[in-house]
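Data block below; observations after.
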Amino acid sequence: MWNFYLPVELHFGEKRIADLSHIMENKGLQNAFIICDETSVNLGLAAKIKAYAQGRVIGCFSGVNPNPTVNNIEDGLKAMKELPVESIIALGGGSSIDCAKAIAACVKLGVTGKQLLDIDRISDGLPLIIIPTTAGTASELTQGAVISDPERDLKKALFGPGLFATVAIDDPELTYSCPNFVTASSGIDVLAHALDSLTSMKTNASTIGAAVYAAKTTFQYLERAYDDGTDTIARCHMMEACVAAGLAFSQTGTTGSHACSYYLTSHYHMPHGEACAFTLDWWFRENAKVRPELDEYAKMMGFADADAVAERIAEMKEHLHLRSTFGNLIHDEKEIELIADQAMAAGNMSNNVWKATRNDVIRLFRSKL
């Protein structure tokens with residue numbers, strides 16, 4: 001028994017942002033406020049979006065950190081306080097998108113950023129247009145957002161229908177300016193979404209094909225996009241893979257690799273995609289021991305079995321210069337137990353098909369020393 005629900009209107013293709021004004025008019029969206037980071041401003045992307053909106057944008061906030069915090073949310077709310085904002089445009093990578101989702105929810109629910117983190121299910125938010133500039137998070141297709149509260153040393157995954165976009169515009173041309181380290185971290189996140197979806201308790205007939213396609217495409221094109229940022233064919237395929245992975249994990253949720261990533265990002269400041277990839281190969285290999293179908297999915301991706309997929313992930317991380325060990329991040333082995341406890345406490349750990357114990361996760365992280 002399973003359900004499929006995705007209320008997002010998706011527009012995909014090169015130069016689709018040129019349709020922004022028409023899309024907003026059709027959806028009755030006015031008085032939009034852009035949430036982005038400084039990079040989107042410096043590259044001229046925010047100005048381009050404003051121009052394509054043809055007078056429907058009334059302001060912009062660009063103070064989003066690489067891992068958005070409750071302070072970013074509060075600053076964004078202050079920036080738009082005196083304006084008649086009716087909708088939000090999220091522009092950028094996962095951080096800007098997650099921050100925009102949170103701000104849209106805060107406005108509609110009348111709460112602060114800190115208060116939002118204490119709500120179990122986000123029920124409502126302002127109408128939201130999401131325009132990604134990276135091929136990675138697929139946050140434009142999910143009802144989730146991840147926000148940090150530095151004061152509480154907390155990184156919280158928020159969920160609920162209020163975090164769904166009204167409209168998503170996936171234009172591969174906006175990813176052409178991504179530097180290679182962003183391409184690597186965001187691209188490996190696509191793979192983590194796809195493989196986590198296949199190892200979820202909620203994997204079903206509606207998600208397997210999309211997840212396998214996303215993984216296979218990422219294996220084929222991510223390194224090409226990383227090695228040559230002007231390879232537009234690789235860039236377009238990576239955005240397709242991102243969308244396919246989003247279609248899959250929006251229904252199944254994520255699993256072990258993501259559960260292990262949150263503390264690595266919030267405490268050690270490891271980029272999200274890199275943090276997911278840190279344990280991804282290990283999780284896929286272990287999950288295959290209890291879900292033999294993963295060997296069949298591996299063949300559909302072009303590999304002999306799940307072990308071969310895990311080996312390819314390790315090779316890919318080396319090619320992309322992503323960490324596979326802690327290096328000098330950890331100075332005391334006792335930290336391993338704390339990291340494992342944080343991973344075990346993550347809600348998506350229970351969604352993993354293999355029920356790893358605390359000792360299993362400690363063993364995993366000790367292997368990274």
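Chain labels follow the order of the structure tokens: the first chain is A, the next B, and so on; residue numbering restarts at 1 in every chain, and ligands are counted from 1 in their shown order.
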I need the strand (DSSP E) residues of region 11-85 of chain A per DSSP on the backbone, written as a count of residues only. 11
Would you mind writing down, as a VMD selection string, each residue of region 77-153 of chain A that DSSP on the backbone assigns to alpha helix (DSSP H)? chain A and resid 77 to 79 94 to 109 113 to 116
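Proximity to Ile336 (chain A) was assessed for A:Asp305, A:Val190, A:Tyr263, A:Glu311 counting only C-alpha atoms; the smallest distance is recorded for A:Tyr263.
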Report as a PyMOL selection string all protein, DNA and RNA residues lying within 12 Å of Trp283 (chain A), evaluated on only C-alpha atoms, omitting residues in the same chain fewer than 5 positions from it. chain A and resi 192+195-196+198-200+254-260+276-278+288-291+294+306-307+309-311+313+349+352-356+360-361+364-365
Do a neighbour search on region 226-241 of chain A at 8 Å with only C-alpha atoms, toss out local chain neighbours closer than 3 positions, and write the hits as a list in words. Thr134, Ala135, Gly136, Asp170, Pro172, Glu173, Thr175, Tyr176, Ser177, Cys178, Pro179, Asn180, Phe181, Thr183, Ala184, Gly187, Val190, Tyr213, Ala214, Ala215, Thr217, Thr218, Tyr221, Leu222, Glu223, Ala244, Ala245 and Leu320 of chain A
Sorted by chain and rising residue number, list the residues of region 118-236 of chain A at most 10 Å from region 14-36 of chain A (counting only C-alpha atoms), each with its closest atom pair and distance in Å to one decimal, as CSV.
```
residue,atom,partner,partner_atom,distance
A:Pro127,CA,A:Leu29,CA,7.7
A:Leu128,CA,A:Ala32,CA,8.9
A:Ile129,CA,A:Met24,CA,8.7
A:Ile130,CA,A:Ile35,CA,9.7
A:Ile131,CA,A:Ile17,CA,8.1
A:Thr166,CA,A:Lys27,CA,8.6
A:Val167,CA,A:Ile23,CA,8.4
A:Ile169,CA,A:Ile17,CA,6.6
A:Asp170,CA,A:Arg16,CA,7.3
A:Asp171,CA,A:Glu14,CA,5.0
A:Pro172,CA,A:Glu14,CA,5.6
A:Glu173,CA,A:Glu14,CA,5.8
A:Leu174,CA,A:Glu14,CA,8.6
A:Cys236,CA,A:Glu14,CA,8.2
```
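Across A:Ala211, A:Cys242, A:Leu116, A:Leu322, the tightest approach to Ser197 (chain A) is made by A:Ala211 when counting only C-alpha atoms.
Neighbouring residues of Ala168 (chain A) at 10 Å or closer, counting only C-alpha atoms and skipping chain neighbours under 4 positions away, are Val8, Glu9, Leu10, His11, Phe12, Ile89, Ala90, Leu128, Ile129, Ile130, Ile131, Pro132, Ala138, Ser139, Glu140, Leu141 and Phe164 of chain A.
Taking CA of Ser148 (chain A) as the reference point, CA of Thr357 (chain A) is found at 26.0 Å.
Proximity ranking of A:Asp189, A:Glu286, A:Glu38, A:Asp124 relative to Pro271 (chain A) places A:Asp189 first, based on only C-alpha atoms.
With only C-alpha atoms as the atoms that count, the minimum distance from Gly76 (chain A) to the choices A:Asp281, A:Gln342, A:Gly113, A:Gly55 is reached by A:Gly113.
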